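File shown: data.txt (compact mmCIF, C-alpha atoms).
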# COMPACT_ATOMS: atom_id res chain seq x y z
CA MET J 210 -24.96 30.49 16.00
CA SER J 211 -24.30 26.77 15.88
CA ALA J 212 -21.61 24.61 17.44
CA GLY J 213 -19.88 24.49 14.04
CA TRP J 214 -19.65 28.27 13.96
CA VAL J 215 -18.05 28.30 17.44
CA LEU J 216 -15.57 25.59 16.40
CA ASN J 217 -14.67 27.50 13.22
CA SER J 218 -14.09 30.71 15.17
CA VAL J 219 -11.92 28.96 17.76
CA LEU J 220 -9.90 27.34 14.96
CA ALA J 221 -9.43 30.66 13.16
CA VAL J 222 -8.25 32.39 16.35
CA LEU J 223 -5.90 29.48 17.17
CA VAL J 224 -4.39 29.44 13.66
CA LEU J 225 -3.76 33.19 13.75
CA GLY J 226 -2.41 33.00 17.31
CA VAL J 227 0.01 30.18 16.52
CA ALA J 228 1.12 31.91 13.30
CA GLY J 229 1.85 35.07 15.30
CA ALA J 230 3.66 33.06 17.96
CA ILE J 231 5.95 31.48 15.33
CA ILE J 232 7.16 34.95 14.36
CA ALA J 233 7.36 36.22 17.93
CA VAL J 234 9.30 33.38 19.63
CA ARG J 235 13.01 33.89 20.09
CA THR J 236 14.49 30.45 19.42
CA LEU J 237 14.46 28.56 16.15
CA PHE J 238 13.37 25.36 17.91
CA ALA J 239 10.29 27.01 19.41
CA ALA J 240 9.38 28.37 15.97
CA VAL J 241 9.65 24.87 14.46
CA VAL J 242 7.43 23.42 17.19
CA GLY J 243 4.94 26.21 16.45
CA PHE J 244 5.09 25.32 12.76
CA VAL J 245 4.22 21.68 13.50
CA VAL J 246 1.29 22.78 15.68
CA LEU J 247 0.15 25.15 12.93
CA GLY J 248 0.23 22.25 10.45
CA LEU J 249 -2.00 20.11 12.67
CA LEU J 250 -4.44 23.00 13.17
CA LEU J 251 -4.53 23.62 9.42
CA ALA J 252 -5.28 19.92 8.87
CA ILE J 253 -8.36 20.33 11.10
CA VAL J 254 -9.29 23.47 9.14
CA TRP J 255 -9.12 21.49 5.87
CA VAL J 256 -11.36 18.82 7.38
CA ARG J 257 -13.84 21.55 8.33
CA LEU J 258 -13.73 22.71 4.70
CA ALA J 259 -14.51 19.11 3.62
CA ALA J 260 -11.12 18.85 1.85
CA VAL J 261 -10.04 15.60 3.49
CA ASP J 262 -7.38 14.89 0.84
CA VAL J 263 -5.66 18.19 1.57
CA ALA J 264 -6.01 17.59 5.32
CA LEU J 265 -4.26 14.21 5.03
CA THR J 266 -1.43 15.76 3.02
CA GLU J 267 -1.10 18.69 5.41
CA ALA J 268 -0.94 16.42 8.45
CA ALA J 269 1.47 13.91 6.90
CA ILE J 270 3.76 16.20 4.89
CA GLY J 271 3.19 19.75 6.10
CA SER J 272 3.34 18.83 9.74
CA GLY J 273 4.96 15.40 10.01
CA VAL J 274 7.80 15.04 7.52
CA THR J 275 8.50 18.77 7.13
CA GLY J 276 8.47 19.05 10.92
CA ALA J 277 11.12 16.32 11.18
CA VAL J 278 13.25 18.02 8.50
CA LEU J 279 12.94 21.42 10.20
CA ILE J 280 13.78 20.02 13.66
CA ALA J 281 16.88 18.40 12.21
CA ALA J 282 17.81 21.70 10.53
CA ALA J 283 17.20 23.67 13.73
CA SER J 284 19.43 21.38 15.77
CA ARG J 285 22.18 21.65 13.15
CA LEU J 286 21.92 25.43 13.18
CA ARG J 287 22.01 25.66 16.97
CA ALA J 288 25.72 26.50 17.01
CA THR J 289 25.26 29.56 14.81
CA GLU J 290 21.87 30.63 16.13
CA LYS J 291 23.12 33.31 18.53
CA VAL J 292 24.97 35.14 15.77
CA SER J 293 22.07 35.07 13.36
CA VAL J 294 19.56 36.23 15.99
CA ALA J 295 21.82 39.13 16.95
CA GLU J 296 21.84 40.39 13.34
CA GLN J 297 19.29 43.16 12.93
CA PRO J 298 17.95 44.03 9.48
CA GLY J 299 18.33 47.65 8.41
CA PRO J 300 15.38 50.09 8.43
CA ALA J 301 14.97 49.97 4.63
CA LEU J 302 14.61 46.18 4.69
CA ARG J 303 12.14 46.36 7.58
CA VAL J 304 9.95 48.97 5.91
CA GLY J 305 10.11 47.09 2.61
CA ALA J 306 9.12 43.79 4.23
CA GLY J 307 6.31 45.55 6.10
CA ILE J 308 4.90 47.15 2.92
CA LEU J 309 5.09 43.84 1.00
CA SER J 310 3.37 41.94 3.83
CA ALA J 311 0.63 44.59 4.03
CA LEU J 312 0.10 44.40 0.25
CA VAL J 313 -0.19 40.60 0.29
CA ALA J 314 -2.57 40.71 3.28
CA ALA J 315 -4.69 43.41 1.60
CA GLY J 316 -4.78 41.41 -1.64
CA LEU J 317 -5.91 38.26 0.15
CA ALA J 318 -8.49 40.20 2.14
CA ALA J 319 -9.83 41.76 -1.07
CA LEU J 320 -10.12 38.29 -2.64
CA VAL J 321 -12.16 37.08 0.32
CA VAL J 322 -14.34 40.18 0.63
CA PHE J 323 -15.05 40.65 -3.10
CA ALA J 324 -15.24 36.94 -3.96
CA ALA J 325 -17.59 36.00 -6.79
CA ASP J 326 -20.81 34.48 -5.50
CA PRO J 327 -21.30 31.65 -6.30
CA ALA J 328 -17.59 30.92 -6.49
CA PRO J 329 -16.40 29.60 -9.86
CA SER J 330 -16.05 25.84 -9.62
CA LEU J 331 -14.73 23.03 -11.79
CA ALA J 332 -16.20 20.43 -9.44
CA PRO J 333 -19.10 19.38 -11.74
CA ALA J 334 -16.67 18.94 -14.65
CA ALA J 335 -14.34 16.89 -12.42
CA VAL J 336 -17.14 14.61 -11.30
CA ALA J 337 -18.65 14.23 -14.78
CA HIS J 338 -16.06 11.74 -16.08
CA LEU J 339 -15.44 9.72 -12.93
CA VAL J 340 -17.42 6.75 -14.26
CA GLU J 341 -15.28 6.47 -17.40
CA LEU J 342 -12.09 6.62 -15.31
CA GLY J 343 -13.38 4.08 -12.81
CA VAL J 344 -12.03 6.04 -9.83
CA GLY J 345 -14.46 7.32 -7.22
CA ASN J 346 -12.30 10.08 -5.74
CA PRO J 347 -12.46 13.27 -7.84
CA VAL J 348 -9.19 14.51 -6.32
CA THR J 349 -7.36 11.40 -7.57
CA ALA J 350 -9.01 11.90 -10.97
CA VAL J 351 -7.70 15.48 -11.14
CA LEU J 352 -4.20 14.49 -9.97
CA LEU J 353 -3.70 11.41 -12.14
CA ALA J 354 -5.97 11.97 -15.13
CA TYR J 355 -7.06 15.55 -15.86
CA ARG J 356 -3.86 17.20 -14.66
CA GLY J 357 -1.50 14.22 -14.80
CA ILE J 358 1.36 16.29 -16.18
CA ASP J 359 1.34 18.51 -13.08
CA THR J 360 1.61 15.48 -10.81
CA LEU J 361 4.40 14.00 -12.94
CA LEU J 362 6.41 17.23 -12.76
CA GLU J 363 5.70 17.52 -9.03
CA LYS J 364 7.28 14.13 -8.42
CA MET J 365 10.32 15.16 -10.44
CA VAL J 366 10.62 18.37 -8.43
CA LEU J 367 10.82 16.15 -5.33
CA LEU J 368 13.87 14.46 -6.86
CA LEU J 369 15.41 17.89 -7.52
CA ALA J 370 14.81 18.81 -3.87
CA LEU J 371 16.63 15.65 -2.80
CA LEU J 372 19.54 16.51 -5.11
CA GLY J 373 19.63 19.93 -3.48
CA VAL J 374 19.93 18.36 -0.03
CA TRP J 375 22.59 15.92 -1.20
CA SER J 376 24.65 18.66 -2.79
CA LEU J 377 25.18 20.16 0.69
CA ALA J 378 27.60 17.29 1.35
CA PRO J 379 31.33 17.94 1.11
CA ASP J 380 33.08 16.22 -1.80
CA MET J 381 34.87 13.62 0.27
CA VAL J 382 31.66 12.04 1.62
CA TRP J 383 29.75 12.22 -1.67
CA GLY J 384 27.97 8.94 -2.29
CA GLY J 385 28.11 7.96 1.38
CA ALA J 386 25.36 7.44 3.93
CA PRO J 387 23.57 10.13 5.96
CA GLU J 388 23.90 10.16 9.72
CA VAL J 389 20.48 9.63 11.31
CA SER J 390 20.51 8.89 14.98
CA ALA J 391 18.71 10.25 17.98
CA GLY J 392 21.98 10.21 19.92
CA ALA J 393 22.77 8.65 23.27
CA VAL J 394 19.75 9.97 25.18
CA ASP J 395 17.47 7.20 24.06
CA GLY J 396 18.11 4.05 26.10
CA GLY J 397 15.78 1.69 24.26
CA ALA J 398 12.47 3.56 24.35
CA LEU J 399 12.79 4.78 20.77
CA ALA J 400 13.92 1.35 19.64
CA LEU J 401 10.74 -0.10 21.13
CA LEU J 402 8.62 2.43 19.24
CA GLY J 403 10.66 1.71 16.11
CA ARG J 404 9.76 -1.96 16.40
CA VAL J 405 6.11 -1.68 17.43
CA LEU J 406 4.87 1.19 15.27
CA PRO J 407 6.10 0.33 11.72
CA PRO J 408 3.86 -2.76 11.26
CA VAL J 409 0.84 -0.59 12.08
CA GLY J 410 2.09 2.38 10.07
CA ILE J 411 2.91 0.37 6.96
CA VAL J 412 -0.57 -1.18 6.95
CA VAL J 413 -2.12 2.28 7.37
CA GLY J 414 0.07 3.71 4.59
CA VAL J 415 -0.78 0.95 2.11
CA TYR J 416 -4.46 1.34 3.04
CA VAL J 417 -4.31 5.11 2.43
CA LEU J 418 -2.70 4.45 -0.97
CA TRP J 419 -5.26 1.80 -1.96
CA VAL J 420 -8.32 3.71 -0.75
CA GLY J 421 -7.14 6.80 -2.67
CA ALA J 422 -8.87 5.50 -5.80
CA THR J 423 -12.32 5.80 -4.25
CA ASP J 424 -11.99 7.90 -1.09
CA PRO J 425 -9.61 10.56 0.27
CA GLY J 426 -6.07 9.22 0.24
CA GLY J 427 -3.44 8.48 -2.37
CA ALA J 428 0.23 8.03 -3.21
CA PHE J 429 1.58 11.10 -1.47
CA GLN J 430 -0.30 10.67 1.79
CA GLY J 431 0.27 6.91 1.99
CA GLY J 432 3.91 7.38 1.03
CA ALA J 433 4.39 9.97 3.76
CA VAL J 434 3.01 7.61 6.41
CA ILE J 435 5.29 4.76 5.31
CA ALA J 436 8.24 7.15 4.99
CA SER J 437 7.80 8.32 8.57
CA MET J 438 7.95 4.67 9.67
CA TRP J 439 11.25 4.31 7.81
CA ILE J 440 12.55 7.54 9.36
CA LEU J 441 11.54 6.21 12.78
CA ALA J 442 13.45 2.97 12.24
CA LEU J 443 16.47 4.96 11.00
CA MET J 444 16.39 7.32 14.00
CA ALA J 445 16.08 4.40 16.41
CA GLY J 446 19.20 2.90 14.84
CA LEU J 447 17.32 -0.26 13.84
CA LEU J 448 18.19 0.17 10.17
CA PRO J 449 21.36 1.65 8.69
CA ALA J 450 20.82 4.68 6.47
CA PRO J 451 21.64 3.64 2.89
CA ALA J 452 24.59 5.08 1.00
CA ILE J 453 23.15 7.53 -1.51
CA ARG J 454 25.16 5.98 -4.30
CA ALA J 455 23.66 2.53 -3.64
CA ARG J 456 22.13 1.24 -6.83
CA TRP J 457 18.80 0.23 -5.24
CA VAL J 458 18.41 3.74 -3.84
CA ARG J 459 18.86 5.33 -7.25
CA ARG J 460 16.48 2.85 -8.88
CA ALA J 461 13.83 3.27 -6.18
CA LEU J 462 14.03 7.04 -6.55
CA VAL J 463 13.27 7.03 -10.26
CA ALA J 464 10.85 4.05 -10.24
CA GLY J 465 7.70 6.12 -9.66
CA PRO J 466 8.36 8.90 -12.19
CA ALA J 467 9.66 6.28 -14.67
CA VAL J 468 6.45 4.20 -14.49
CA PHE J 469 4.38 7.38 -14.76
CA LEU J 470 6.39 8.54 -17.78
CA ALA J 471 6.23 5.11 -19.43
CA VAL J 472 2.44 4.97 -19.10
CA GLY J 473 2.28 8.55 -20.37
CA MET J 474 4.39 7.68 -23.43
CA ALA J 475 2.35 4.54 -24.07
CA GLY J 476 -0.64 6.88 -24.27
CA PHE J 477 0.71 8.12 -27.63
CA ALA J 478 0.42 4.62 -29.07
CA TRP J 479 -3.02 3.59 -27.90
CA PRO J 480 -5.57 6.29 -27.13
CA GLY J 481 -3.38 8.81 -28.95
CA GLY J 482 -1.98 11.41 -26.59
CA PHE J 483 0.58 11.90 -23.84
CA LEU J 484 -0.72 10.72 -20.45
CA SER J 485 -4.09 9.61 -21.82
CA TYR J 486 -5.40 6.26 -20.65
CA PRO J 487 -7.05 3.67 -22.92
CA ALA J 488 -10.77 3.32 -22.25
CA GLY J 489 -11.52 0.68 -19.64
CA TYR J 490 -7.94 0.49 -18.36
CA ALA J 491 -7.82 3.85 -16.61
CA LYS J 492 -8.30 2.60 -13.06
CA PRO J 493 -5.72 -0.23 -13.08
CA LEU J 494 -3.19 2.09 -14.73
CA ILE J 495 -3.87 4.83 -12.18
CA VAL J 496 -3.50 2.39 -9.28
CA ALA J 497 -0.26 1.03 -10.79
CA ILE J 498 1.15 4.55 -11.18
CA GLU J 499 0.11 5.44 -7.65
CA ALA J 500 1.74 2.30 -6.24
CA ALA J 501 5.03 3.04 -8.03
CA LEU J 502 4.85 6.69 -6.98
CA THR J 503 4.27 5.67 -3.36
CA PHE J 504 7.43 3.58 -3.43
CA SER J 505 9.48 6.49 -4.71
CA VAL J 506 7.82 8.99 -2.36
CA VAL J 507 8.80 6.79 0.62
CA ILE J 508 12.45 6.78 -0.44
CA VAL J 509 12.53 10.49 -1.37
CA LEU J 510 10.90 11.67 1.87
CA GLY J 511 12.97 9.30 4.00
CA LEU J 512 16.20 10.51 2.43
CA LEU J 513 15.09 14.16 2.58
CA ALA J 514 14.60 13.75 6.32
CA ALA J 515 17.87 11.83 6.66
CA GLY J 516 19.79 14.79 5.23
CA PRO J 517 23.02 15.01 3.25
CA PRO J 518 25.62 12.22 3.36
CA HIS J 519 27.78 12.29 6.44
CA HIS J 520 30.17 9.36 6.16
CA GLY J 521 32.43 8.53 3.25
CA PRO J 522 31.11 5.90 0.85
CA GLY J 523 33.55 3.24 1.99
CA ARG J 524 34.46 0.71 -0.60
CA MET E 625 -31.47 3.09 26.49
CA THR E 626 -30.78 6.25 24.50
CA PHE E 627 -30.95 8.28 27.68
CA GLY E 628 -28.39 6.05 29.41
CA ARG E 629 -26.13 6.32 26.37
CA ASP E 630 -26.35 10.10 26.40
CA ILE E 631 -25.58 10.21 30.13
CA LEU E 632 -22.53 7.97 29.66
CA THR E 633 -21.25 10.14 26.80
CA ILE E 634 -21.77 13.41 28.66
CA LEU E 635 -20.16 12.12 31.87
CA ALA E 636 -17.18 10.46 30.19
CA VAL E 637 -16.40 13.29 27.76
CA THR E 638 -16.76 15.89 30.51
CA ALA E 639 -14.38 13.92 32.71
CA GLY E 640 -11.99 13.58 29.76
CA VAL E 641 -12.08 17.32 29.12
CA PHE E 642 -11.38 17.86 32.82
CA PHE E 643 -8.23 15.73 32.61
CA PHE E 644 -7.09 17.56 29.48
CA PHE E 645 -7.68 20.85 31.26
CA ALA E 646 -5.82 19.68 34.37
CA GLY E 647 -2.97 18.37 32.24
CA THR E 648 -2.69 21.68 30.40
CA VAL E 649 -2.73 23.68 33.63
CA GLY E 650 -0.03 21.37 34.98
CA LEU E 651 2.04 21.81 31.81
CA LEU E 652 1.88 25.57 32.21
CA ARG E 653 2.22 25.83 35.98
CA PHE E 654 4.45 23.00 37.25
CA PRO E 655 7.99 24.03 38.17
CA ASP E 656 10.25 21.52 36.39
CA PRO E 657 10.16 19.38 33.23
CA LEU E 658 9.59 16.05 35.00
CA CYS E 659 6.49 17.37 36.82
CA ARG E 660 5.22 18.86 33.57
CA LEU E 661 5.63 15.50 31.84
CA HIS E 662 3.72 13.87 34.67
CA ALA E 663 0.84 16.30 34.09
CA LEU E 664 0.87 15.68 30.34
CA THR E 665 0.56 11.91 30.65
CA LYS E 666 -2.71 12.37 32.53
CA ALA E 667 -4.17 14.25 29.58
CA ASP E 668 -3.02 11.58 27.12
CA ASN E 669 -4.00 8.47 29.03
CA LEU E 670 -7.05 9.40 31.06
CA GLY E 671 -8.33 12.39 29.11
CA LEU E 672 -8.21 10.79 25.68
CA GLY E 673 -9.28 7.43 27.14
CA LEU E 674 -12.40 8.91 28.74
CA ILE E 675 -13.30 10.84 25.58
CA VAL E 676 -12.92 7.64 23.52
CA LEU E 677 -15.06 5.81 26.07
CA GLY E 678 -17.72 8.50 25.78
CA LEU E 679 -17.69 8.33 21.98
CA LEU E 680 -17.79 4.52 21.77
CA PRO E 681 -21.62 4.27 21.93
CA TRP E 682 -21.74 6.56 18.87
CA ALA E 683 -19.13 4.61 16.92
CA ASP E 684 -19.85 3.55 13.36
CA GLY E 685 -20.37 -0.17 14.07
CA VAL E 686 -17.88 -2.49 15.73
CA TRP E 687 -14.99 -1.48 13.42
CA GLY E 688 -15.53 2.18 14.17
CA GLY E 689 -15.22 1.37 17.87
CA VAL E 690 -12.09 -0.72 17.30
CA LYS E 691 -10.55 2.20 15.37
CA LEU E 692 -11.34 4.61 18.24
CA VAL E 693 -9.74 2.29 20.79
CA GLY E 694 -6.80 1.77 18.41
CA ILE E 695 -6.23 5.53 18.22
CA TRP E 696 -6.21 5.70 22.01
CA LEU E 697 -3.73 2.82 22.29
CA LEU E 698 -1.42 4.38 19.68
CA ALA E 699 -1.57 7.75 21.44
CA GLN E 700 -0.73 5.98 24.72
CA LEU E 701 2.21 4.16 23.16
CA SER E 702 3.75 7.22 21.52
CA GLY E 703 2.99 9.38 24.57
CA ALA E 704 4.67 6.97 26.96
CA ILE E 705 7.75 6.62 24.77
CA VAL E 706 8.14 10.33 24.02
CA THR E 707 7.79 11.03 27.76
CA GLN E 708 10.54 8.51 28.50
CA MET E 709 12.82 10.09 25.93
CA ILE E 710 12.26 13.65 27.14
CA ALA E 711 12.75 12.59 30.77
CA ARG E 712 15.99 10.83 29.87
CA ALA E 713 17.21 13.85 27.93
CA VAL E 714 16.43 16.07 30.93
CA ARG E 715 18.31 13.77 33.31
CA HIS E 716 21.37 13.40 31.11
CA GLY E 717 21.46 16.95 29.79
CA GLY E 718 20.57 18.50 33.13
CA GLU E 719 19.24 21.58 31.37
CA ALA E 720 15.52 22.40 31.37
CA PRO E 721 14.25 22.82 27.83
Write the structure described by the file as structure tokens, please.
Amino acid sequence: MSAGWVLNSVLAVLVLGVAGAIIAVRTLFAAVVGFVVLGLLLAIVWVRLAAVDVALTEAAIGSGVTGAVLIAAASRLRATEKVSVAEQPGPALRVGAGILSALVAAGLAALVVFAADPAPSLAPAAVAHLVELGVGNPVTAVLLAYRGIDTLLEKMVLLLALLGVWSLAPDMVWGGAPEVSAGAVDGGALALLGRVLPPVGIVVGVYVLWVGATDPGGAFQGGAVIASMWILALMAGLLPAPAIRARWVRRALVAGPAVFLAVGMAGFAWPGGFLSYPAGYAKPLIVAIEAALTFSVVIVLGLLAAGPPHHGPGR
Amino acid sequence: MTFGRDILTILAVTAGVFFFFAGTVGLLRFPDPLCRLHALTKADNLGLGLIVLGLLPWADGVWGGVKLVGIWLLAQLSGAIVTQMIARAVRHGGEAP
């Protein structure tokens, strides 16, 4: 019984406890806070499983940016919260939800208990071609080379999500700027953080992007760090939120997927297949795609957190 | 030399854990939000600071040590500012969260 075993057990108990607490608490805000805590705990769990890439994503996106979005949503829903909490689902719905949850839990438990030993793994295949690609991080190789199409579609889904948020705006403010402000409670403290933290955060974000080629990191994680710096500056009122119809916003949003798609199309001409990289140029192309994706991820995540337009577009 | 390093680590990390524990007890037990914030800052500043101090001898070279101290400074900065904001919200809103 080693120290690692104790740590793992404590983590497992904490994750289950926090997950239960999220369901049990009465207010939406408390549930969101629980969700953020759960994200941080899960990030530690991923580190324990030696999946540092997933841990970085979980901490930056699952906990950080999603947490900010959910807190904003919870504070918007505060006016209607009493009504929605008072609504009780009928017995049929309750029993149905209970049966479904039990089935999912039993299925997951069966997967764990009757898992194949040794577990099937594609890890050797993923590592086998790293030298030809020139990237040292097998996760980046999977995301940008072996399964590039998945990553491309994932980035486009992000744009769809942003369109979904934007479409919540009433017609008369369409094209205008979101309202992002911490309100009058601040008194300069947030503005100080908004000035001091972004230089550090931007350096960390660019580092995470750059190091993604050889070590855990990459476009999504680095982009999330830089995006949270932008969100911070927006919330502190140091920067105005851009109008969503601004041309630079639209161009920045499509820049990453467009570069990815262009490189993918160029693959038809040279090595002879969609999203295939010419021999010897794989690493620079992957880094270029990741840099462009980071740029778009920053804008998408920032605008997702900023929410739908609030003011009219002006003229 | 190694012995002294071990002693420093054990003492500093134990003291850090004590401050985290005290801060958590304060967070749970103190009567109003401002007192609870006061308890929390002890965990952030002293607790994390002492744990970082205890881990410094084990750091991965000079840069590892600089990173550890950097993490502590960033935690201090964000902790201090978040505390300010919550305290201000409590004073202006009047309602305990």
Nearest to chain J, chosen from E:Arg715, E:Arg660, E:Ile705, E:Leu697, with only C-alpha atoms counted in the distances: E:Ile705
Two-atom distance - CA of Leu664 (chain E), CA of Val274 (chain J) (Å): 23.9 Å
Length of the CA of Leu679 (chain E) to CA of Val706 (chain E) vector [Å]: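 Computing it gives 26.0 Å between the two atoms.
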All residues 9 Å or closer to Gly521 (chain J), all atoms listed in the file, same chain fewer than 4 positions away omitted, as a list in words: Met381, Val382, Trp383, Gly384, Gly385, Ala386 and Ala452 of chain J
Proximal residues of chain E relative to chain J (all atoms listed in the file; 12 Å) as a list in words: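 Going by the stated atoms only, the list reads Lys691, Gly694, Ile695, Leu697, Leu698, Ala699, Gln700, Leu701, Ser702, Gly703, Ala704, Ile705, Val706, Thr707, Gln708, Met709, Ile710, Ala711, Arg712, Ala713, Val714, Arg715, His716, Gly717, Gly718 and Pro721 of chain E.
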Find the residues near Leu670 (chain E): any atom within 9 Å, counting all atoms listed in the file, skip ones fewer than 5 places away on the same chain, and give them as a CSV table (one decimal) with C-alpha atoms, in the coordinates of the input.
chain,number,residue,atom,x,y,z
E,639,ALA,CA,-14.4,13.9,32.7
E,640,GLY,CA,-12.0,13.6,29.8
E,643,PHE,CA,-8.2,15.7,32.6
E,644,PHE,CA,-7.1,17.6,29.5
E,665,THR,CA,0.6,11.9,30.6
E,675,ILE,CA,-13.3,10.8,25.6
Under the rule of at most 9 Å, produce a per-residue listing of region 398-446 of chain J near region 476-497 of chain J: chain, number, name, the closest pair of atoms, and the distance in Å, as CSV, using all atoms listed in the file.
residue,atom,partner,partner_atom,distance
J:Leu418,CA,J:Val496,CA,8.6
J:Trp419,CA,J:Val496,CA,7.6
J:Gly421,CA,J:Val496,CA,8.7
J:Ala422,CA,J:Val496,CA,7.1
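With all atoms listed in the file as the atoms that count, the minimum distance from Met438 (chain J) to the choices J:Arg404, J:Arg356, J:Arg456, J:His519 is reached by J:Arg404.
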All residues 12 Å or closer to Gly511 (chain J), only C-alpha atoms, same chain fewer than 6 positions away omitted, as a VMD selection string: chain J and resid 270 273 to 275 277 to 278 367 371 387 389 432 to 444 450 to 451 453 458 461 to 462 503 to 505 517
CA of Gln430 (chain J) to CA of Val417 (chain J), straight-line distance in Å: 6.9 Å
Hey, what's within 10 Å of Ala646 (chain E) if we count only C-alpha atoms and toss same-chain stuff fewer than 6 positions away? As an mmCIF file with C-alpha atoms, keeping the file's coordinate frame, please?
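Dumped everything to selection06.cif:
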data_model
loop_
_atom_site.group_PDB
_atom_site.id
_atom_site.type_symbol
_atom_site.label_atom_id
_atom_site.label_comp_id
_atom_site.auth_asym_id
_atom_site.auth_seq_id
_atom_site.Cartn_x
_atom_site.Cartn_y
_atom_site.Cartn_z
ATOM 1 C CA GLY E 640 -11.990 13.580 29.760
ATOM 2 C CA LEU E 652 1.880 25.570 32.210
ATOM 3 C CA ALA E 663 0.840 16.300 34.090
ATOM 4 C CA LEU E 664 0.870 15.680 30.340
ATOM 5 C CA LYS E 666 -2.710 12.370 32.530
ATOM 6 C CA ALA E 667 -4.170 14.250 29.580
ATOM 7 C CA GLY E 671 -8.330 12.390 29.110
#
Close residues, Leu677 (chain E) itself excluded, 8 Å, all atoms listed in the file, min 2 positions apart in chain, as a VMD selection string: chain E and resid 633 636 to 637 673 to 675 679 to 681
Mind giving me the axis-aligned box for region 247-266 of chain J with 5 Å on every side, centre plus edges in Å to one decimal, as JSON?
{"center_x": -7.1, "center_y": 19.7, "center_z": 7.0, "size_x": 24.7, "size_y": 20.9, "size_z": 22.3}
Among listed residues E:Thr626, E:Leu672, E:Pro657, E:Asp684, nearest Phe645 (chain E) (using all atoms listed in the file): E:Leu672
